[in-house]
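So this one's run-v5.txt, compact mmCIF, C-alpha atoms:
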```txt
# COMPACT_ATOMS: atom_id res chain seq x y z
CA MET A 260 -19.74 -1.13 -7.93
CA THR A 261 -19.20 -3.63 -10.77
CA SER A 262 -21.48 -4.64 -13.64
CA ARG A 263 -23.46 -7.00 -11.39
CA ARG A 264 -25.94 -4.69 -9.69
CA VAL A 265 -26.74 -5.21 -6.00
CA VAL A 266 -30.18 -4.42 -4.59
CA ILE A 267 -31.82 -4.59 -1.18
CA THR A 268 -34.75 -7.00 -1.00
CA GLY A 269 -35.22 -7.32 2.75
CA PHE A 270 -34.33 -5.69 6.05
CA GLY A 271 -34.85 -6.11 9.76
CA ALA A 272 -33.95 -4.21 12.89
CA ILE A 273 -34.14 -4.56 16.65
CA THR A 274 -33.37 -1.31 18.44
CA PRO A 275 -34.17 0.60 21.62
CA LEU A 276 -37.26 1.85 19.78
CA GLY A 277 -38.63 -1.69 19.37
CA ILE A 278 -38.02 -5.20 18.12
CA THR A 279 -38.95 -4.67 14.45
CA SER A 280 -38.01 -2.29 11.65
CA ASN A 281 -41.54 -0.88 11.74
CA ASP A 282 -41.01 0.01 15.40
CA LEU A 283 -37.79 1.75 14.38
CA TRP A 284 -39.51 3.72 11.63
CA THR A 285 -42.48 4.71 13.78
CA GLY A 286 -40.22 5.86 16.59
CA LEU A 287 -37.89 7.85 14.37
CA THR A 288 -40.63 9.60 12.42
CA ASN A 289 -42.40 10.52 15.67
CA ALA A 290 -39.14 11.82 17.18
CA SER A 291 -39.53 9.34 20.04
CA CYS A 292 -36.55 8.86 22.33
CA ALA A 293 -35.68 5.45 23.77
CA ILE A 294 -32.83 6.68 25.98
CA ASP A 295 -33.48 6.21 29.68
CA THR A 296 -31.78 5.36 32.97
CA THR A 297 -29.88 2.09 32.62
CA LYS A 298 -31.82 -0.95 33.79
CA ALA A 299 -29.48 -3.82 32.83
CA PHE A 300 -27.18 -3.06 35.79
CA ASP A 301 -26.93 -0.57 38.63
CA PRO A 302 -25.38 2.58 37.08
CA SER A 303 -25.20 4.58 40.32
CA GLY A 304 -21.39 4.67 40.33
CA PHE A 305 -21.09 5.73 36.68
CA THR A 306 -20.73 9.30 35.44
CA CYS A 307 -23.28 8.45 32.74
CA LYS A 308 -26.29 6.57 34.05
CA LEU A 309 -28.15 6.44 30.75
CA ALA A 310 -28.45 3.90 27.94
CA GLY A 311 -30.51 2.92 24.93
CA GLU A 312 -31.91 -0.51 25.79
CA VAL A 313 -33.89 -2.87 23.57
CA PRO A 314 -37.33 -3.80 24.94
CA ASP A 315 -37.70 -7.28 26.43
CA PHE A 316 -37.84 -10.19 24.00
CA LYS A 317 -37.55 -13.97 24.23
CA ILE A 318 -34.80 -15.35 22.02
CA GLN A 319 -36.38 -18.82 22.01
CA LYS A 320 -39.29 -17.43 19.97
CA HIS A 321 -36.85 -16.48 17.22
CA LEU A 322 -35.03 -19.80 17.03
CA PRO A 323 -36.05 -22.96 15.15
CA LYS A 324 -36.41 -26.02 17.35
CA PHE A 325 -33.17 -27.57 16.11
CA HIS A 326 -31.14 -24.60 17.36
CA ARG A 327 -32.83 -23.70 20.65
CA LYS A 328 -30.28 -25.51 22.81
CA ALA A 329 -27.64 -23.18 21.40
CA ALA A 330 -29.34 -20.22 23.07
CA LYS A 331 -27.18 -20.81 26.16
CA LEU A 332 -24.15 -19.97 24.01
CA MET A 333 -25.63 -16.71 22.73
CA CYS A 334 -24.53 -13.48 24.35
CA ARG A 335 -26.68 -10.39 23.96
CA ASP A 336 -24.98 -9.32 20.73
CA ILE A 337 -25.69 -12.68 19.08
CA GLN A 338 -29.31 -12.68 20.21
CA LEU A 339 -29.90 -9.23 18.74
CA ALA A 340 -28.33 -10.28 15.43
CA VAL A 341 -30.46 -13.43 15.24
CA VAL A 342 -33.68 -11.45 15.72
CA ALA A 343 -32.80 -8.82 13.09
CA ALA A 344 -31.69 -11.51 10.62
CA GLU A 345 -34.97 -13.39 11.00
CA GLU A 346 -37.01 -10.30 10.14
CA ALA A 347 -34.77 -9.40 7.21
CA ILE A 348 -34.99 -12.88 5.66
CA ILE A 349 -38.75 -13.15 6.13
CA SER A 350 -39.30 -9.68 4.66
CA SER A 351 -37.27 -10.64 1.58
CA GLY A 352 -39.56 -13.54 0.73
CA LEU A 353 -36.73 -16.03 1.07
CA ILE A 354 -37.52 -19.26 2.87
CA THR A 355 -34.54 -20.88 4.55
CA LYS A 356 -34.12 -23.93 6.73
CA GLY A 357 -34.60 -21.71 9.76
CA ILE A 358 -37.88 -20.26 8.44
CA ASP A 359 -39.58 -23.39 7.08
CA PRO A 360 -37.47 -26.48 6.28
CA ASP A 361 -40.28 -27.90 4.11
CA LYS A 362 -40.54 -24.89 1.78
CA ILE A 363 -36.95 -23.80 1.20
CA ASN A 364 -36.63 -21.60 -1.90
CA VAL A 365 -32.99 -20.50 -1.67
CA ASP A 366 -29.77 -22.11 -2.88
CA SER A 367 -27.74 -22.21 0.34
CA GLU A 368 -24.45 -22.51 -1.53
CA ARG A 369 -25.13 -19.19 -3.28
CA PHE A 370 -26.11 -17.41 -0.05
CA ALA A 371 -23.39 -15.38 1.72
CA ILE A 372 -23.25 -13.65 5.10
CA ASN A 373 -21.14 -10.76 6.36
CA ILE A 374 -21.79 -9.20 9.75
CA GLY A 375 -20.11 -6.31 11.54
CA ALA A 376 -19.46 -6.70 15.25
CA GLY A 377 -17.81 -4.77 18.05
CA VAL A 378 -15.85 -5.74 21.11
CA ILE A 379 -18.10 -8.26 22.86
CA CYS A 380 -17.78 -7.95 26.63
CA CYS A 381 -18.61 -10.80 28.97
CA GLU A 382 -21.04 -10.44 31.84
CA LEU A 383 -19.51 -9.75 35.24
CA ASP A 384 -21.43 -12.53 36.97
CA GLU A 385 -19.74 -15.05 34.66
CA LEU A 386 -16.22 -13.76 35.16
CA SER A 387 -16.13 -12.46 38.73
CA PRO A 388 -16.05 -15.85 40.57
CA ALA A 389 -12.98 -16.86 38.56
CA VAL A 390 -11.30 -13.50 39.16
CA ALA A 391 -12.03 -13.74 42.89
CA LYS A 392 -10.02 -16.95 43.08
CA CYS A 393 -6.98 -15.11 41.76
CA ILE A 394 -6.85 -12.35 44.34
CA THR A 395 -3.86 -12.37 46.69
CA ASN A 396 -3.38 -9.51 49.17
CA ASN A 397 -6.01 -7.50 47.30
CA LYS A 398 -4.14 -7.86 44.00
CA PHE A 399 -4.86 -9.96 40.93
CA ASP A 400 -2.35 -12.80 40.66
CA THR A 401 -1.85 -13.75 37.01
CA LYS A 402 -0.19 -17.03 37.97
CA LYS A 403 -3.34 -18.14 39.76
CA TRP A 404 -5.43 -17.46 36.66
CA GLY A 405 -3.96 -20.47 34.89
CA THR A 406 -4.26 -22.77 37.87
CA ASP A 407 -7.35 -21.65 39.80
CA GLY A 408 -9.24 -19.00 37.86
CA ILE A 409 -9.76 -20.41 34.41
CA SER A 410 -10.92 -23.75 35.79
CA SER A 411 -13.98 -21.97 37.18
CA ILE A 412 -15.17 -20.99 33.72
CA THR A 413 -17.11 -23.35 31.49
CA PRO A 414 -15.03 -24.60 28.53
CA LEU A 415 -17.66 -23.21 26.15
CA TRP A 416 -17.54 -19.74 27.70
CA LEU A 417 -15.42 -18.19 24.96
CA LEU A 418 -17.89 -19.26 22.25
CA LYS A 419 -20.38 -16.73 23.61
CA TYR A 420 -18.06 -13.80 23.05
CA LEU A 421 -16.11 -14.33 19.85
CA PRO A 422 -17.10 -11.56 17.37
CA ASN A 423 -17.53 -14.05 14.51
CA MET A 424 -20.22 -15.97 16.40
CA PRO A 425 -23.21 -13.82 15.30
CA ALA A 426 -22.50 -14.79 11.67
CA CYS A 427 -21.85 -18.40 12.68
CA HIS A 428 -25.14 -18.85 14.54
CA ILE A 429 -27.17 -17.17 11.82
CA ALA A 430 -25.46 -19.24 9.13
CA ILE A 431 -26.29 -22.44 11.01
CA ILE A 432 -29.90 -21.42 11.63
CA HIS A 433 -30.57 -20.48 8.00
CA ASP A 434 -28.15 -22.93 6.38
CA ILE A 435 -26.11 -20.18 4.74
CA GLN A 436 -23.26 -22.03 3.02
CA GLY A 437 -21.74 -19.28 0.88
CA PRO A 438 -18.88 -16.94 1.85
CA ASN A 439 -19.00 -16.14 5.57
CA ASN A 440 -17.12 -13.21 7.06
CA SER A 441 -17.12 -11.00 10.14
CA ILE A 442 -15.75 -7.47 10.30
CA VAL A 443 -14.78 -6.05 13.68
CA CYS A 444 -14.23 -2.33 13.13
CA ALA A 445 -16.42 -0.83 15.84
CA GLU A 446 -18.91 1.79 14.61
CA ALA A 447 -17.76 1.44 10.98
CA ALA A 448 -18.21 -2.34 10.99
CA ALA A 449 -21.75 -2.51 9.57
CA HIS A 450 -21.02 -0.30 6.57
CA LEU A 451 -17.85 -2.24 5.85
CA ALA A 452 -19.73 -5.54 6.16
CA ILE A 453 -22.43 -4.34 3.78
CA THR A 454 -19.77 -3.21 1.31
CA GLU A 455 -17.97 -6.56 1.45
CA ALA A 456 -21.24 -8.48 1.08
CA ALA A 457 -22.10 -6.43 -1.99
CA SER A 458 -18.65 -7.17 -3.41
CA VAL A 459 -19.22 -10.90 -2.91
CA ILE A 460 -22.34 -10.65 -5.05
CA SER A 461 -20.71 -8.34 -7.57
CA ARG A 462 -17.88 -10.77 -8.22
CA ASN A 463 -20.41 -13.60 -8.65
CA SER A 464 -19.38 -15.54 -5.55
CA ALA A 465 -23.01 -15.47 -4.35
CA ASP A 466 -26.44 -14.37 -5.52
CA ILE A 467 -27.74 -13.33 -2.11
CA ALA A 468 -26.04 -12.03 1.03
CA LEU A 469 -27.17 -11.17 4.52
CA ALA A 470 -25.25 -8.19 5.88
CA GLY A 471 -25.45 -5.76 8.77
CA GLY A 472 -24.21 -5.26 12.27
CA CYS A 473 -24.88 -5.95 15.93
CA ASP A 474 -23.62 -4.60 19.22
CA ALA A 475 -24.63 -4.60 22.88
CA LYS A 476 -22.91 -1.84 24.79
CA VAL A 477 -25.30 -1.90 27.76
CA ASN A 478 -22.74 -3.79 29.75
CA ALA A 479 -20.99 -2.59 32.91
CA ILE A 480 -17.50 -3.20 31.51
CA MET A 481 -18.24 -1.50 28.21
CA MET A 482 -20.01 1.44 29.83
CA LEU A 483 -17.14 1.97 32.25
CA ARG A 484 -14.76 2.10 29.30
CA GLN A 485 -16.83 4.79 27.57
CA CYS A 486 -17.11 6.83 30.76
CA LEU A 487 -13.37 6.65 31.46
CA ALA A 488 -12.66 7.68 27.87
CA GLY A 489 -14.73 10.83 28.40
CA ARG A 490 -17.15 10.00 25.61
CA THR A 491 -20.35 10.01 27.62
CA THR A 492 -22.61 12.81 28.76
CA THR A 493 -22.95 13.50 32.48
CA GLN A 494 -26.36 15.12 31.98
CA ASN A 495 -28.43 12.37 33.61
CA ASP A 496 -31.45 14.36 34.79
CA ASP A 497 -33.36 14.38 31.50
CA PRO A 498 -32.68 11.28 29.38
CA GLN A 499 -34.92 12.52 26.58
CA THR A 500 -32.65 15.47 25.83
CA ALA A 501 -29.29 14.04 26.89
CA LEU A 502 -27.86 13.15 23.47
CA ARG A 503 -27.63 16.20 21.21
CA PRO A 504 -25.75 15.57 17.93
CA PHE A 505 -24.49 18.71 16.16
CA ASP A 506 -26.09 20.89 18.85
CA ALA A 507 -24.31 23.74 20.63
CA ASP A 508 -25.30 22.26 24.00
CA ALA A 509 -24.00 18.75 23.32
CA LYS A 510 -22.15 17.26 26.30
CA GLY A 511 -21.28 13.77 25.12
CA SER A 512 -22.82 10.56 23.90
CA VAL A 513 -25.07 7.85 25.33
CA PHE A 514 -24.43 4.23 24.40
CA GLY A 515 -26.87 1.44 23.72
CA GLU A 516 -27.59 -1.79 21.89
CA GLY A 517 -29.23 -3.05 18.72
CA SER A 518 -28.88 -4.84 15.42
CA ALA A 519 -29.97 -4.35 11.83
CA MET A 520 -29.66 -6.64 8.84
CA LEU A 521 -30.15 -6.32 5.10
CA VAL A 522 -30.74 -8.92 2.43
CA LEU A 523 -28.62 -7.95 -0.56
CA GLU A 524 -29.24 -9.61 -3.89
CA ASP A 525 -28.08 -9.65 -7.47
CA LEU A 526 -30.62 -7.60 -9.43
CA GLN A 527 -31.31 -10.27 -12.02
CA HIS A 528 -31.73 -12.92 -9.33
CA ALA A 529 -34.18 -10.70 -7.47
CA GLN A 530 -36.18 -9.97 -10.60
CA ASP A 531 -36.28 -13.63 -11.59
CA ARG A 532 -38.03 -14.47 -8.33
CA ASN A 533 -40.26 -11.35 -8.43
CA ALA A 534 -38.81 -10.03 -5.20
CA THR A 535 -39.73 -6.59 -3.89
CA ILE A 536 -36.74 -4.31 -4.48
CA HIS A 537 -36.46 -1.56 -1.88
CA ALA A 538 -33.28 0.20 -3.02
CA GLU A 539 -30.01 -0.30 -4.86
CA LEU A 540 -26.53 -0.05 -3.37
CA VAL A 541 -24.56 1.96 -5.90
CA GLY A 542 -21.51 3.32 -4.12
CA SER A 543 -19.20 2.86 -1.17
CA GLY A 544 -16.04 4.46 0.10
CA SER A 545 -13.75 4.22 3.08
CA SER A 546 -10.78 5.94 4.59
CA ASN A 547 -8.97 6.15 7.92
CA ASN A 548 -8.67 8.78 10.59
CA ILE A 549 -5.18 10.24 10.81
CA ASP A 550 -5.44 11.94 14.20
CA PRO A 551 -2.29 10.75 16.00
CA SER A 552 -4.10 10.71 19.35
CA TYR A 553 -6.54 8.05 18.09
CA LYS A 554 -9.18 9.45 20.46
CA HIS A 555 -11.20 11.63 18.08
CA LEU A 556 -11.65 12.38 14.41
CA GLU A 557 -9.04 14.74 13.01
CA ALA A 558 -10.37 18.29 13.33
CA ASP A 559 -10.66 18.92 9.59
CA GLY A 560 -12.67 15.75 8.99
CA LYS A 561 -10.45 14.66 6.11
CA SER A 562 -11.13 10.96 6.58
CA ILE A 563 -14.90 11.51 6.36
CA GLN A 564 -14.36 13.73 3.33
CA TYR A 565 -12.27 11.11 1.54
CA ALA A 566 -14.75 8.31 2.29
CA ILE A 567 -17.62 10.35 0.85
CA GLU A 568 -15.64 11.41 -2.20
CA ASN A 569 -14.73 7.78 -2.86
CA ALA A 570 -18.38 6.74 -2.54
CA LEU A 571 -19.54 9.47 -4.93
CA GLU A 572 -16.94 8.41 -7.48
CA ASP A 573 -17.96 4.77 -7.08
CA ALA A 574 -21.61 5.66 -7.62
CA GLY A 575 -20.84 7.92 -10.57
CA ILE A 576 -22.82 10.84 -9.18
CA THR A 577 -22.16 14.34 -7.86
CA ALA A 578 -23.01 15.99 -4.55
CA GLU A 579 -26.04 17.67 -6.14
CA ASP A 580 -27.62 14.26 -6.73
CA ILE A 581 -27.81 13.45 -3.01
CA ASP A 582 -31.25 13.94 -1.42
CA LEU A 583 -30.61 12.68 2.11
CA ILE A 584 -27.62 12.48 4.43
CA MET A 585 -27.60 10.02 7.34
CA PRO A 586 -24.62 11.22 9.43
CA HIS A 587 -22.96 9.39 12.29
CA GLY A 588 -23.60 12.24 14.76
CA ILE A 589 -23.01 10.98 18.31
CA GLY A 590 -23.18 14.10 20.49
CA ILE A 591 -19.44 14.47 21.21
CA PRO A 592 -18.89 18.11 20.19
CA GLN A 593 -15.46 17.93 18.57
CA ASP A 594 -16.27 14.72 16.67
CA ASP A 595 -19.61 16.03 15.45
CA LEU A 596 -17.93 19.22 14.25
CA ALA A 597 -15.17 17.27 12.50
CA GLU A 598 -17.76 15.09 10.77
CA ALA A 599 -19.80 18.13 9.72
CA ILE A 600 -16.68 19.78 8.27
CA GLY A 601 -15.78 16.57 6.42
CA ILE A 602 -19.27 16.31 4.93
CA GLN A 603 -19.26 19.98 4.01
CA ASN A 604 -15.85 19.77 2.31
CA ALA A 605 -16.88 16.65 0.38
CA LEU A 606 -20.22 18.01 -0.81
CA GLY A 607 -19.42 21.71 -1.09
CA ASN A 608 -22.34 24.12 -1.16
CA ALA A 609 -24.76 21.23 -1.59
CA ALA A 610 -24.19 20.22 2.04
CA GLU A 611 -26.16 23.27 3.20
CA LYS A 612 -29.16 22.25 1.10
CA ILE A 613 -29.38 18.47 1.44
CA PRO A 614 -31.62 17.34 4.33
CA THR A 615 -29.52 15.75 7.08
CA TRP A 616 -31.18 13.35 9.53
CA PRO A 617 -29.23 12.39 12.68
CA THR A 618 -30.90 9.49 14.52
CA LYS A 619 -28.79 8.74 17.60
CA SER A 620 -30.53 11.35 19.75
CA MET A 621 -33.46 8.92 19.67
CA LEU A 622 -31.61 5.61 19.59
CA SER A 623 -28.32 6.16 21.45
CA THR A 624 -24.96 5.16 19.93
CA THR A 625 -25.33 1.47 19.14
CA GLY A 626 -21.75 0.73 18.11
CA ALA A 627 -21.29 -1.75 15.29
CA ALA A 628 -25.05 -1.84 14.74
CA SER A 629 -25.41 1.89 14.18
CA GLY A 630 -24.45 2.03 10.50
CA ALA A 631 -26.84 -0.76 9.54
CA ILE A 632 -29.66 0.83 11.55
CA ASP A 633 -29.17 4.08 9.65
CA VAL A 634 -29.18 2.23 6.32
CA VAL A 635 -32.52 0.62 7.23
CA ALA A 636 -33.86 4.06 8.19
CA ALA A 637 -32.64 5.49 4.86
CA VAL A 638 -34.29 2.68 2.88
CA MET A 639 -37.59 3.24 4.68
CA ALA A 640 -37.30 7.00 4.09
CA MET A 641 -36.92 6.28 0.36
CA LYS A 642 -39.89 3.94 0.35
CA ASN A 643 -42.12 6.38 2.20
CA GLY A 644 -40.85 9.61 0.67
CA LEU A 645 -40.43 10.96 4.19
CA ILE A 646 -37.51 12.27 6.23
CA GLY A 647 -38.19 12.21 9.95
CA PRO A 648 -37.57 15.13 12.30
CA ALA A 649 -34.27 15.62 14.05
CA LYS A 650 -34.41 15.64 17.85
CA ASN A 651 -32.48 17.67 20.41
CA ILE A 652 -30.89 19.94 17.83
CA ASP A 653 -32.28 23.32 18.83
CA ASN A 654 -29.18 25.40 18.16
CA LYS A 655 -26.61 24.07 15.71
CA ALA A 656 -23.04 24.17 16.91
CA ALA A 657 -20.80 26.87 15.45
CA GLY A 658 -19.21 25.62 12.24
CA CYS A 659 -21.94 23.10 11.49
CA LYS A 660 -23.69 24.16 8.28
CA LEU A 661 -25.63 20.95 7.69
CA ASN A 662 -29.31 21.27 6.80
CA ILE A 663 -30.90 19.73 9.90
CA SER A 664 -34.64 20.16 10.42
CA THR A 665 -36.66 19.43 13.55
CA LYS A 666 -39.76 18.95 11.40
CA PRO A 667 -40.65 16.00 9.14
CA GLN A 668 -40.13 16.55 5.42
CA GLN A 669 -41.91 14.94 2.48
CA LYS A 670 -39.33 14.34 -0.23
CA ASP A 671 -38.66 12.13 -3.21
CA ILE A 672 -35.32 10.60 -2.27
CA ARG A 673 -33.30 9.43 -5.26
CA TYR A 674 -29.93 9.01 -3.54
CA ALA A 675 -29.11 8.71 0.15
CA LEU A 676 -25.66 9.03 1.70
CA CYS A 677 -24.91 7.16 4.95
CA CYS A 678 -21.75 7.92 6.95
CA SER A 679 -20.03 6.27 9.91
CA TYR A 680 -16.72 6.34 11.71
CA THR A 681 -14.91 4.74 14.61
CA PHE A 682 -13.14 6.53 17.44
CA GLY A 683 -9.76 7.18 15.89
CA GLY A 684 -10.07 4.60 13.13
CA ASN A 685 -12.09 3.72 10.05
CA THR A 686 -14.44 6.04 8.22
CA THR A 687 -17.01 4.78 5.74
CA ALA A 688 -19.73 6.01 3.40
CA LEU A 689 -22.46 4.21 1.47
CA ILE A 690 -24.74 5.53 -1.26
CA LEU A 691 -28.19 4.07 -1.85
CA LYS A 692 -30.32 4.70 -4.90
CA LYS A 693 -34.06 4.52 -5.20
CA PHE A 694 -34.74 1.61 -7.53
CA ASP A 695 -36.26 2.86 -10.77
CA GLY A 696 -37.01 -0.53 -12.33
CA GLN A 697 -34.65 0.07 -15.21
CA VAL A 698 -32.08 -2.46 -16.32
CA LYS A 699 -28.87 -0.92 -17.63
```

Represent the supplied structure as structure tokens.
Amino acid sequence: MTSRRVVITGFGAITPLGITSNDLWTGLTNASCAIDTTKAFDPSGFTCKLAGEVPDFKIQKHLPKFHRKAAKLMCRDIQLAVVAAEEAIISSGLITKGIDPDKINVDSERFAINIGAGVICCELDELSPAVAKCITNNKFDTKKWGTDGISSITPLWLLKYLPNMPACHIAIIHDIQGPNNSIVCAEAAAHLAITEAASVISRNSADIALAGGCDAKVNAIMMLRQCLAGRTTTQNDDPQTALRPFDADAKGSVFGEGSAMLVLEDLQHAQDRNATIHAELVGSGSSNNIDPSYKHLEADGKSIQYAIENALEDAGITAEDIDLIMPHGIGIPQDDLAEAIGIQNALGNAAEKIPTWPTKSMLSTTGAASGAIDVVAAVMAMKNGLIGPAKNIDNKAAGCKLNISTKPQQKDIRYALCCSYTFGGNTTALILKKFDGQVK
């Protein structure tokens, strides 16, 4: 990072384990599993019938009165992001227009936002009537789409599904007038968004930034895509044990939904307002998968290795300084093994000693939200001096030498490494440091 230090002063999360970050922490440390049979749609025709679904919530309760009419333009992804952002901002002690317009304590022009998003799929009940009008002799007629189909869709329909809309809605709600950006790089999006937000602060373009990710993959179109790509497990009988990252019996992943947000802040700015500082972001790195098939990580995990090495160099530390690894770990055997090899090659012998805590066996794979959720979990682990137990990892896969424990561990965590990657694309790594109160 640069001379302007970036710290975390707030965080929020809405996940299959609950609608707050405390729910996330309680669930993870108790090894609770939120994966179950899909309820959002009938999954009977799908090879994977499981999902990680967020408990019921009412979006209107999380919106200020002046923005409640906009709820009709919020798809699931946007709603999840709005809820996580609200918790993060409140926890930071900042008061925005969306929290209390009479007690605002933030300079909106020095407040940035950067959110990672995935491919946002529309709901079938919104699209199917228009598609039905374009069927001729049991085939879709593209010519009819322009004349008959598209006229059946509300003109504002697209605004629900643009991947920059989570950041737009949140910026309007909280009057965030600083740099606004959206990064759409699937599972790596949240880490990349956090990195960019930190850079905005580091280069003095803002004092505060909201950053994180959101994704809602519990959607028939999205789930069909994952099933057809062969990424999902077909072990539907026992949802609690279906997703098994780094385990010899792993059969594939389970997909879900969620969002997590962080309030990043210039250290001096945070100290001037006596904010609670939860951790410091000290390093980041990224790379790109070079597997020509673009379906999996390359077998030797080089892209993960390079991302971690870049993050270590950025942080100015060595592998021996790391006290916790939050891997991506999604239960697809060859990708998990490639990630493990990449981590092991980047960290050397230290990889076998550093506690590694995979979380997706409890949460499901939440796409662009997953990296931010793991960062929140890492921050809470630092604060509590506790690493939760791993779940569904009874017999590590051959070649995986990571130190994964199925029991909780009390530990003083100085540095935490968080990793993420996309399917055949970006790889990222972030390094968090426990804030020691010292000013360099």

Nearest-residue call for A:His555, choices A:Lys308, A:Lys324, A:Arg490, A:Lys619, using all atoms listed in the file: A:Arg490

Give me the residues of stretch 514-611 of chain A that have any atom at most 6 Å from an atom of stretch 644-661 of chain A; for each, the nearest atom pair and the distance in Å, rounded to one decimal. Use all atoms listed in the file, sort by chain and number, and format it as CSV.
```
residue,atom,partner,partner_atom,distance
A:Ala599,CA,A:Cys659,CA,5.7
A:Ala610,CA,A:Leu661,CA,5.9
A:Glu611,CA,A:Leu661,CA,5.1
```

Keeping C-alpha atoms, export the residues of the selection given above as an mmCIF file, in the frame of the given file.
```cif
data_model
loop_
_atom_site.group_PDB
_atom_site.id
_atom_site.type_symbol
_atom_site.label_atom_id
_atom_site.label_comp_id
_atom_site.auth_asym_id
_atom_site.auth_seq_id
_atom_site.Cartn_x
_atom_site.Cartn_y
_atom_site.Cartn_z
ATOM 1 C CA ALA A 599 -19.800 18.130 9.720
ATOM 2 C CA ALA A 610 -24.190 20.220 2.040
ATOM 3 C CA GLU A 611 -26.160 23.270 3.200
#
```

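Relative to atom CA of A:Ser441, atom CA of A:Asn423 is found at 5.3 Å.
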
Surrounding residues of A:Ile589 excluding itself and chain neighbours under 4 positions, 10 Å, all atoms listed in the file, as a ChimeraX atom specification: /A:490-491,502-505,509,511-514,594-595,617-620,623-625

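With all atoms listed in the file taken into account, the protein and nucleic acid residues at most 6 Å from A:Gly601 (excluding it and anything under 5 positions from it in its own chain) are Gly560, Lys561, Ile563 and Gln564 of chain A.
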
Contacts of A:His537 within 7 Å, all atoms listed in the file, excl. fewer than 2 positions in-chain, as a VMD selection string: chain A and resid 267 to 268 535 638 642 694

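Between atom CA of A:Asp474 and atom CA of A:Thr686 the interatomic distance comes to 17.8 Å.
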
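Of the listed residues (A:Gly515, A:Gly375, A:Pro438, A:Gly544), A:Gly515 comes nearest to A:Thr296; the distances count only C-alpha atoms.
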
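Considering the residues A:Leu415, A:Leu451, A:Ala468, A:Leu339 and counting all atoms listed in the file, A:Thr681 has its shortest atom-to-atom contact with A:Leu451.
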
Counting only C-alpha atoms, the residue of A:Ile567, A:Ala534, A:Ile435, A:Ala426 that sits nearest A:Asn373: A:Ala426

10 Å contact set for A:Ser543, all atoms listed in the file, chain neighbours under 3 positions out, as a ChimeraX atom specification: /A:260,450-451,453-455,457,540,566-574,676-678,687-691

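The nearest approach to A:Lys692 among the residues A:Met621, A:Ala376, A:Ile480, A:Leu583, with all atoms listed in the file taken into account, belongs to A:Leu583.
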
Separation of atom CA of A:Cys427 from atom CA of A:Phe325 in Å: 15.0 Å

Which of A:Thr665, A:Asn289, A:Asn548, A:Thr577 sits closest to A:Ala597 [using only C-alpha atoms]: A:Asn548

A:Asp301 surroundings by all atoms listed in the file, 12 Å radius, close-in-sequence under 2 positions cut, as a JSON list (two decimals) with C-alpha atoms, in the coordinates of the input:
```json
[["chain", "number", "residue", "atom", "x", "y", "z"],
["A", 296, "THR", "CA", -31.78, 5.36, 32.97],
["A", 297, "THR", "CA", -29.88, 2.09, 32.62],
["A", 298, "LYS", "CA", -31.82, -0.95, 33.79],
["A", 299, "ALA", "CA", -29.48, -3.82, 32.83],
["A", 303, "SER", "CA", -25.20, 4.58, 40.32],
["A", 304, "GLY", "CA", -21.39, 4.67, 40.33],
["A", 305, "PHE", "CA", -21.09, 5.73, 36.68],
["A", 307, "CYS", "CA", -23.28, 8.45, 32.74],
["A", 308, "LYS", "CA", -26.29, 6.57, 34.05],
["A", 309, "LEU", "CA", -28.15, 6.44, 30.75],
["A", 310, "ALA", "CA", -28.45, 3.90, 27.94],
["A", 477, "VAL", "CA", -25.30, -1.90, 27.76],
["A", 478, "ASN", "CA", -22.74, -3.79, 29.75],
["A", 479, "ALA", "CA", -20.99, -2.59, 32.91],
["A", 482, "MET", "CA", -20.01, 1.44, 29.83],
["A", 483, "LEU", "CA", -17.14, 1.97, 32.25]]
```
